[in-house]
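Data first, discussion second: the structure below is written as structure tokens.
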Amino acid sequence: MSNLLTRFLAVLSLAVGLSGPVIAQVNPTASSVTEDQLFESLGTAPVVGRVTIPDAAAAYLIKPENKSWAALQAETLHLLVVGPIVAIIVLLALFYLVRGRIRVDSGLSGRTILRFNALERFAHWTLASTFIILALTGLNIVVGRWLILPLIGADAFGTLSAWGKLAHNFLAWPFMIALVLVLLLWAVHNIPNAVDWQWIKQGGGLLKKGVHPPARKFNAGQKLIFWSVILGGAALSFTGIMMLFPAQAGTPADWQLYQTIHALTAAGLTAVIIAHIYIGSVGMEGAFDAMGSGEVDENWAREHHSLWVEEIKGETGAAGHPKAHPAE
Ligand code: HEM
């Protein structure tokens, strides 16, 4: 007889406010009774006791519906979390093999311009570093038992997971602050406009050498990443806070819904961010400097953000068109 069943029977024998019909359907002390028989006899009705502490949810002794939720966790959800992450890594590897690194076609000019100031870089790296740790510690919760436990053993995995859980719960706060900061700094540059359509029609110039569709501070692809981060980050924040304070967050069914949304959103956003990290580092020559030193090469800027360069250099007329030069 499992530990769970022993505890369950002990609680039953104390008769903590159990409803009559539940006990009548099965004799919980019979030697042949199994855990499954007990759950089956309970049907979908939760067994609710009485508590005198403020956390009313603590009165739920057994929640049979948790069995289907646990099955969803063990099978479907694990695949739905791992699937998009593996898929994007494979796609990026194929893209790299076919397209290679995207170079600055006109070569580096040696002149640089400021792309992101210190505050913007601070906000980005706070968001990025906390997100990466949250994603890794979150993934450990979902697939650590399959992937990491066999590699490092139970003791090390236990320690790692305990620290990981602490990191996950505490780093969520700086992540949320950075998310708000990034929203305040960049929302205005991420409002969709007509130029985005041109960028999309030309595949962002990513697919073919020598193609450079115009863009302002952020192009359509970056806007997509920005809004995925903001909306995905907001959904993660809301569902995460609900799970941190379950007593305030509704019924057990609500917690399970929040947990499922949290895991699926995290997986989707992680896949998007892996693509972002690729293009911001190895995938494109000159891109990392924007968030490294904050200064980018002028030729890189003209190839990828031509309208933005014209704006900051005062080369743009009132309607957003390049100014006519005196000789024209
Ligand atoms: C090692 C990891 C990362 C690297 C190397 C990196 C690199 C970059 C670079 C170079 C830019 C500027 C692109 C430009 O000049 O136009 C940028 C922008 C940005 N990054 Fe990251 N990043 C990383 C991680 C992250 C993470 C984890 C997040 C969010 C959770 C994030 C969110 C953003 C956003 C919202 C922008 C502005 C929009 C965009 O350019 O797509 N970054 N990043």
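Ligands are numbered from 1 in the order shown, chains are lettered A, B, ... in the order of the structure tokens, and residues start at 1 in each chain.
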- Step by step, measure atom-to-atom distances between ligand 1 and each residue using only C-alpha atoms and all ligand atoms, keep those at most 9 Å, then write them as a VMD selection string. chain A and resid 115 to 116 121 124 to 132 135 175 179 182 to 183 186 190 217 to 219 221 to 230 233 269 to 270 273 to 274 276 to 282 286 to 292 294 296 301 304 to 305
- Message: Can you tell me which residues surround Glu298 of chain A at a distance of at most 7 Å, considering only C-alpha atoms, apart from same-chain residues fewer than 4 positions away, and format the answer as number ranges by chain?
- Response: A: 109, 111-113, 302
- Message: For the helix (DSSP H, G or I) assignment from backbone DSSP, which residues of segment 63-292 of chain A qualify? Please present them as a ChimeraX atom specification.
- Response: /A:66-99,118-147,149-152,154-190,194-201,203-205,220-244,246-248,252-280,288-290
- Message: Taking 4 positions as the minimum chain separation for residues in the same chain, which residues sit within 10 Å of segment 96-103 of chain A when counting only C-alpha atoms? Answer as an MDAnalysis selection string.
- Response: chainID A and resid 90:92 107:108 205:210 278:279 281:287 300
Write out, as a short mmCIF file (atom, residue, chain, number, x, y, z; two decimals), in the first residue's frame, the residues just selected, with all heavy atoms.
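The result, stored in part-v1.cif:
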data_model
loop_
_atom_site.label_atom_id
_atom_site.label_comp_id
_atom_site.auth_asym_id
_atom_site.auth_seq_id
_atom_site.Cartn_x
_atom_site.Cartn_y
_atom_site.Cartn_z
N VAL A 90 16.38 23.48 -34.90
CA VAL A 90 16.62 22.79 -36.17
C VAL A 90 16.47 23.78 -37.34
O VAL A 90 17.31 23.84 -38.24
CB VAL A 90 15.63 21.60 -36.33
CG1 VAL A 90 15.71 21.00 -37.73
CG2 VAL A 90 15.91 20.54 -35.27
N LEU A 91 15.40 24.61 -37.30
CA LEU A 91 15.17 25.57 -38.39
C LEU A 91 16.33 26.56 -38.51
O LEU A 91 16.79 26.88 -39.61
CB LEU A 91 13.88 26.36 -38.13
CG LEU A 91 12.58 25.63 -38.50
CD1 LEU A 91 11.37 26.48 -38.11
CD2 LEU A 91 12.56 25.34 -40.01
N LEU A 92 16.82 27.05 -37.37
CA LEU A 92 17.92 28.01 -37.39
C LEU A 92 19.21 27.37 -37.93
O LEU A 92 19.95 28.00 -38.69
CB LEU A 92 18.18 28.59 -35.99
CG LEU A 92 17.10 29.57 -35.50
CD1 LEU A 92 17.32 29.90 -34.03
CD2 LEU A 92 17.09 30.85 -36.33
N GLY A 107 30.38 46.52 -46.71
CA GLY A 107 31.60 46.53 -45.89
C GLY A 107 31.48 47.50 -44.73
O GLY A 107 30.62 48.39 -44.73
N LEU A 108 32.34 47.32 -43.72
CA LEU A 108 32.26 48.20 -42.55
C LEU A 108 32.88 49.55 -42.89
O LEU A 108 33.93 49.62 -43.54
CB LEU A 108 32.97 47.56 -41.36
CG LEU A 108 32.37 46.23 -40.88
CD1 LEU A 108 33.20 45.62 -39.76
CD2 LEU A 108 30.92 46.41 -40.42
N GLY A 205 14.84 41.14 -46.26
CA GLY A 205 16.19 41.13 -46.81
C GLY A 205 17.03 39.99 -46.21
O GLY A 205 18.23 39.89 -46.47
N LEU A 206 16.36 39.14 -45.44
CA LEU A 206 17.12 38.09 -44.75
C LEU A 206 17.43 36.92 -45.67
O LEU A 206 18.39 36.19 -45.48
CB LEU A 206 16.32 37.56 -43.54
CG LEU A 206 16.00 38.57 -42.44
CD1 LEU A 206 15.07 37.97 -41.40
CD2 LEU A 206 17.29 39.04 -41.77
N LEU A 207 16.55 36.75 -46.71
CA LEU A 207 16.67 35.54 -47.50
C LEU A 207 17.67 35.68 -48.64
O LEU A 207 18.25 34.71 -49.11
CB LEU A 207 15.29 35.16 -48.07
CG LEU A 207 14.19 35.02 -47.00
CD1 LEU A 207 12.82 34.83 -47.63
CD2 LEU A 207 14.52 33.86 -46.07
N LYS A 208 17.88 36.95 -49.10
CA LYS A 208 18.73 37.15 -50.28
C LYS A 208 19.80 38.19 -50.00
O LYS A 208 19.50 39.23 -49.38
CB LYS A 208 17.85 37.66 -51.42
CG LYS A 208 17.77 36.72 -52.61
CD LYS A 208 16.79 37.24 -53.55
CE LYS A 208 16.98 37.16 -55.00
NZ LYS A 208 15.85 37.88 -55.63
N LYS A 209 20.99 37.94 -50.48
CA LYS A 209 22.08 38.90 -50.34
C LYS A 209 21.74 40.18 -51.12
O LYS A 209 21.12 40.11 -52.18
CB LYS A 209 23.33 38.27 -50.97
CG LYS A 209 24.61 38.59 -50.27
CD LYS A 209 25.73 37.70 -50.82
CE LYS A 209 27.05 38.18 -50.29
NZ LYS A 209 27.76 39.17 -50.86
N GLY A 210 22.11 41.34 -50.61
CA GLY A 210 21.97 42.60 -51.36
C GLY A 210 20.58 43.21 -51.31
O GLY A 210 20.35 44.26 -51.90
N TYR A 278 19.89 34.30 -31.94
CA TYR A 278 20.67 33.89 -33.12
C TYR A 278 20.95 35.10 -34.01
O TYR A 278 22.10 35.38 -34.36
CB TYR A 278 19.91 32.81 -33.91
CG TYR A 278 20.52 32.55 -35.25
CD1 TYR A 278 21.65 31.75 -35.38
CD2 TYR A 278 19.98 33.13 -36.41
CE1 TYR A 278 22.25 31.56 -36.62
CE2 TYR A 278 20.56 32.94 -37.65
CZ TYR A 278 21.70 32.15 -37.75
OH TYR A 278 22.29 31.97 -38.97
N ILE A 279 19.89 35.85 -34.36
CA ILE A 279 20.07 36.96 -35.32
C ILE A 279 20.84 38.12 -34.68
O ILE A 279 21.56 38.85 -35.35
CB ILE A 279 18.71 37.41 -35.91
CG1 ILE A 279 18.88 38.01 -37.32
CG2 ILE A 279 17.95 38.37 -35.04
CD1 ILE A 279 19.09 37.00 -38.37
N SER A 281 23.34 37.77 -32.69
CA SER A 281 24.73 37.40 -32.39
C SER A 281 25.39 36.78 -33.63
O SER A 281 25.78 37.51 -34.54
CB SER A 281 24.79 36.46 -31.19
OG SER A 281 23.99 35.32 -31.41
N VAL A 282 25.44 35.44 -33.70
CA VAL A 282 26.15 34.81 -34.83
C VAL A 282 25.48 35.01 -36.17
O VAL A 282 26.13 35.00 -37.21
CB VAL A 282 26.34 33.28 -34.61
CG1 VAL A 282 27.40 32.98 -33.58
CG2 VAL A 282 25.03 32.61 -34.25
N GLY A 283 24.17 35.22 -36.19
CA GLY A 283 23.43 35.25 -37.45
C GLY A 283 23.67 36.48 -38.31
O GLY A 283 23.49 36.43 -39.53
N MET A 284 24.04 37.61 -37.70
CA MET A 284 24.18 38.84 -38.48
C MET A 284 25.41 39.65 -38.06
O MET A 284 25.54 40.02 -36.89
CB MET A 284 22.92 39.70 -38.32
CG MET A 284 22.98 40.99 -39.11
SD MET A 284 21.55 42.03 -38.81
CE MET A 284 20.36 41.29 -39.90
N GLU A 285 26.28 39.88 -39.00
CA GLU A 285 27.49 40.67 -38.73
C GLU A 285 27.10 42.07 -38.24
O GLU A 285 26.20 42.69 -38.81
CB GLU A 285 28.30 40.80 -40.03
CG GLU A 285 29.60 41.57 -39.86
CD GLU A 285 30.35 41.74 -41.19
OE1 GLU A 285 29.75 41.48 -42.26
OE2 GLU A 285 31.52 42.14 -41.13
N GLY A 286 27.74 42.53 -37.18
CA GLY A 286 27.55 43.90 -36.72
C GLY A 286 26.35 44.13 -35.82
O GLY A 286 26.21 45.21 -35.24
N ALA A 287 25.47 43.10 -35.67
CA ALA A 287 24.24 43.34 -34.88
C ALA A 287 24.52 43.42 -33.38
O ALA A 287 23.97 44.28 -32.69
CB ALA A 287 23.22 42.22 -35.15
N TRP A 300 26.22 49.32 -41.54
CA TRP A 300 25.26 48.33 -41.01
C TRP A 300 23.92 49.02 -40.80
O TRP A 300 22.86 48.53 -41.20
CB TRP A 300 25.77 47.75 -39.68
CG TRP A 300 24.79 46.77 -39.04
CD1 TRP A 300 24.75 45.43 -39.24
CD2 TRP A 300 23.71 47.10 -38.14
NE1 TRP A 300 23.71 44.88 -38.52
CE2 TRP A 300 23.06 45.87 -37.84
CE3 TRP A 300 23.23 48.26 -37.57
CZ2 TRP A 300 21.94 45.80 -36.97
CZ3 TRP A 300 22.11 48.19 -36.72
CH2 TRP A 300 21.50 46.98 -36.42
#
- Task: Report as a list in words: the residues of segment 80-291 of chain A with a DSSP assignment of strand (DSSP E or B), based on the backbone of this structure.
- Result: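 Of segment 80-291 of chain A, the ones in strand (DSSP E or B) are Ile102, Thr112, Ile113, Leu114 and Met284 of chain A.
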Emit the selected residues as an mmCIF file, in the first residue's frame, including N, CA and C atoms.
data_model
loop_
_atom_site.group_PDB
_atom_site.id
_atom_site.type_symbol
_atom_site.label_atom_id
_atom_site.label_comp_id
_atom_site.auth_asym_id
_atom_site.auth_seq_id
_atom_site.Cartn_x
_atom_site.Cartn_y
_atom_site.Cartn_z
ATOM 1 N N ILE A 102 24.696 36.694 -42.163
ATOM 2 C CA ILE A 102 24.303 37.852 -42.977
ATOM 3 C C ILE A 102 25.360 38.944 -42.787
ATOM 4 N N THR A 112 30.977 54.997 -36.495
ATOM 5 C CA THR A 112 29.876 54.386 -35.731
ATOM 6 C C THR A 112 28.850 55.435 -35.303
ATOM 7 N N ILE A 113 27.638 54.963 -35.051
ATOM 8 C CA ILE A 113 26.603 55.853 -34.489
ATOM 9 C C ILE A 113 25.950 55.152 -33.291
ATOM 10 N N LEU A 114 25.491 55.984 -32.346
ATOM 11 C CA LEU A 114 24.880 55.423 -31.130
ATOM 12 C C LEU A 114 23.497 54.862 -31.468
ATOM 13 N N MET A 284 24.042 37.605 -37.697
ATOM 14 C CA MET A 284 24.177 38.841 -38.484
ATOM 15 C C MET A 284 25.414 39.645 -38.059
#
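Taking atom CA of Leu181 of chain A and atom CA of Phe122 of chain A as endpoints, the distance between them is 9.7 Å.
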All residues 10 Å or closer to Leu236 of chain A, only C-alpha atoms, same chain fewer than 6 positions away omitted, as a tab-separated table (two decimals) with all heavy atoms, in the first residue's frame:
chain	number	residue	atom	x	y	z
A	172	ALA	N	11.79	36.45	-11.07
A	172	ALA	CA	10.58	36.88	-11.77
A	172	ALA	C	10.35	38.39	-11.55
A	172	ALA	O	9.84	39.07	-12.44
A	172	ALA	CB	9.38	36.10	-11.26
A	176	MET	N	10.02	41.35	-14.39
A	176	MET	CA	8.80	42.14	-14.60
A	176	MET	C	9.12	43.65	-14.63
A	176	MET	O	8.55	44.39	-15.43
A	176	MET	CB	7.77	41.82	-13.52
A	176	MET	CG	7.15	40.45	-13.73
A	176	MET	SD	5.80	40.11	-12.59
A	176	MET	CE	6.64	39.42	-11.21
A	229	VAL	N	7.39	39.56	-26.76
A	229	VAL	CA	8.01	39.66	-25.43
A	229	VAL	C	7.06	40.36	-24.45
A	229	VAL	O	6.85	39.90	-23.33
A	229	VAL	CB	9.36	40.41	-25.51
A	229	VAL	CG1	9.89	40.78	-24.13
A	229	VAL	CG2	10.39	39.57	-26.26
A	230	ILE	N	6.45	41.46	-24.91
A	230	ILE	CA	5.58	42.22	-24.00
A	230	ILE	C	4.33	41.42	-23.64
A	230	ILE	O	4.00	41.25	-22.45
A	230	ILE	CB	5.17	43.58	-24.64
A	230	ILE	CG1	6.40	44.47	-24.85
A	230	ILE	CG2	4.10	44.30	-23.79
A	230	ILE	CD1	7.15	44.85	-23.59
A	242	MET	N	-0.13	34.41	-9.91
A	242	MET	CA	-1.25	33.58	-9.42
A	242	MET	C	-0.72	32.31	-8.75
A	242	MET	O	-1.22	31.87	-7.73
A	242	MET	CB	-2.18	33.19	-10.58
A	242	MET	CG	-2.97	34.35	-11.14
A	242	MET	SD	-4.12	34.98	-9.93
A	242	MET	CE	-3.66	36.66	-9.83
A	258	TYR	N	-3.76	28.14	-14.96
A	258	TYR	CA	-2.65	29.11	-14.95
A	258	TYR	C	-1.33	28.40	-15.25
A	258	TYR	O	-0.50	28.88	-16.00
A	258	TYR	CB	-2.54	29.82	-13.60
A	258	TYR	CG	-3.71	30.72	-13.28
A	258	TYR	CD1	-4.24	30.78	-11.99
A	258	TYR	CD2	-4.31	31.49	-14.28
A	258	TYR	CE1	-5.33	31.59	-11.70
A	258	TYR	CE2	-5.39	32.30	-13.99
A	258	TYR	CZ	-5.89	32.35	-12.70
A	258	TYR	OH	-6.96	33.15	-12.42
A	259	GLN	N	-1.15	27.23	-14.64
A	259	GLN	CA	0.11	26.51	-14.82
A	259	GLN	C	0.27	26.08	-16.28
A	259	GLN	O	1.36	26.18	-16.85
A	259	GLN	CB	0.12	25.30	-13.88
A	259	GLN	CG	1.44	24.56	-13.82
A	259	GLN	CD	1.55	23.50	-14.89
A	259	GLN	OE1	0.52	23.03	-15.40
A	259	GLN	NE2	2.76	23.16	-15.27
A	261	ILE	N	-1.16	27.49	-18.99
A	261	ILE	CA	-0.90	28.68	-19.82
A	261	ILE	C	0.55	29.13	-19.63
A	261	ILE	O	1.25	29.48	-20.59
A	261	ILE	CB	-1.86	29.83	-19.44
A	261	ILE	CG1	-3.31	29.44	-19.77
A	261	ILE	CG2	-1.50	31.13	-20.17
A	261	ILE	CD1	-4.34	30.46	-19.31
A	262	HIS	N	1.02	29.12	-18.38
A	262	HIS	CA	2.39	29.56	-18.06
A	262	HIS	C	3.41	28.72	-18.85
A	262	HIS	O	4.30	29.25	-19.51
A	262	HIS	CB	2.61	29.39	-16.55
A	262	HIS	CG	3.79	30.12	-16.01
A	262	HIS	ND1	3.77	31.46	-15.69
A	262	HIS	CD2	5.05	29.71	-15.71
A	262	HIS	CE1	4.95	31.82	-15.22
A	262	HIS	NE2	5.75	30.77	-15.22
A	263	ALA	N	3.24	27.39	-18.80
A	263	ALA	CA	4.21	26.51	-19.45
A	263	ALA	C	4.18	26.68	-20.98
A	263	ALA	O	5.23	26.77	-21.62
A	263	ALA	CB	3.91	25.05	-19.09
A	264	LEU	N	2.98	26.77	-21.57
A	264	LEU	CA	2.89	26.88	-23.03
A	264	LEU	C	3.41	28.23	-23.52
A	264	LEU	O	4.11	28.32	-24.53
A	264	LEU	CB	1.44	26.66	-23.50
A	264	LEU	CG	0.92	25.23	-23.30
A	264	LEU	CD1	-0.52	25.12	-23.77
A	264	LEU	CD2	1.79	24.22	-24.04
A	265	THR	N	3.06	29.31	-22.79
A	265	THR	CA	3.55	30.65	-23.19
A	265	THR	C	5.07	30.69	-23.08
A	265	THR	O	5.75	31.23	-23.96
A	265	THR	CB	2.94	31.74	-22.29
A	265	THR	OG1	1.54	31.54	-22.23
A	265	THR	CG2	3.24	33.13	-22.79
A	266	ALA	N	5.60	30.13	-22.00
A	266	ALA	CA	7.05	30.14	-21.81
A	266	ALA	C	7.74	29.41	-22.96
A	266	ALA	O	8.76	29.88	-23.48
A	266	ALA	CB	7.41	29.49	-20.48
A	269	LEU	N	7.52	31.58	-26.18
A	269	LEU	CA	8.38	32.76	-26.10
A	269	LEU	C	9.87	32.36	-26.14
A	269	LEU	O	10.69	33.05	-26.76
A	269	LEU	CB	8.06	33.57	-24.83
A	269	LEU	CG	8.69	34.95	-24.77
A	269	LEU	CD1	8.34	35.80	-25.97
A	269	LEU	CD2	8.25	35.69	-23.49
- Query: Which distance in Å separates atom CA of Thr316 of chain A and atom CA of Ala118 of chain A, to one decimal?
  - Reply: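 The value is 25.8 Å.
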- Message: Counting only C-alpha atoms, which residue out of A:Ile312, A:Ala267, A:Ala234, A:Val104 sits closest to Ile88 of chain A?
- Response: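 Of all the options, A:Ala267 lies closest to Ile88 of chain A.
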- Any idea what the distance is between atom CA of Thr260 of chain A and atom CA of Ala74 of chain A?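 Taking atom CA of Thr260 of chain A and atom CA of Ala74 of chain A, their separation equals 12.0 Å.
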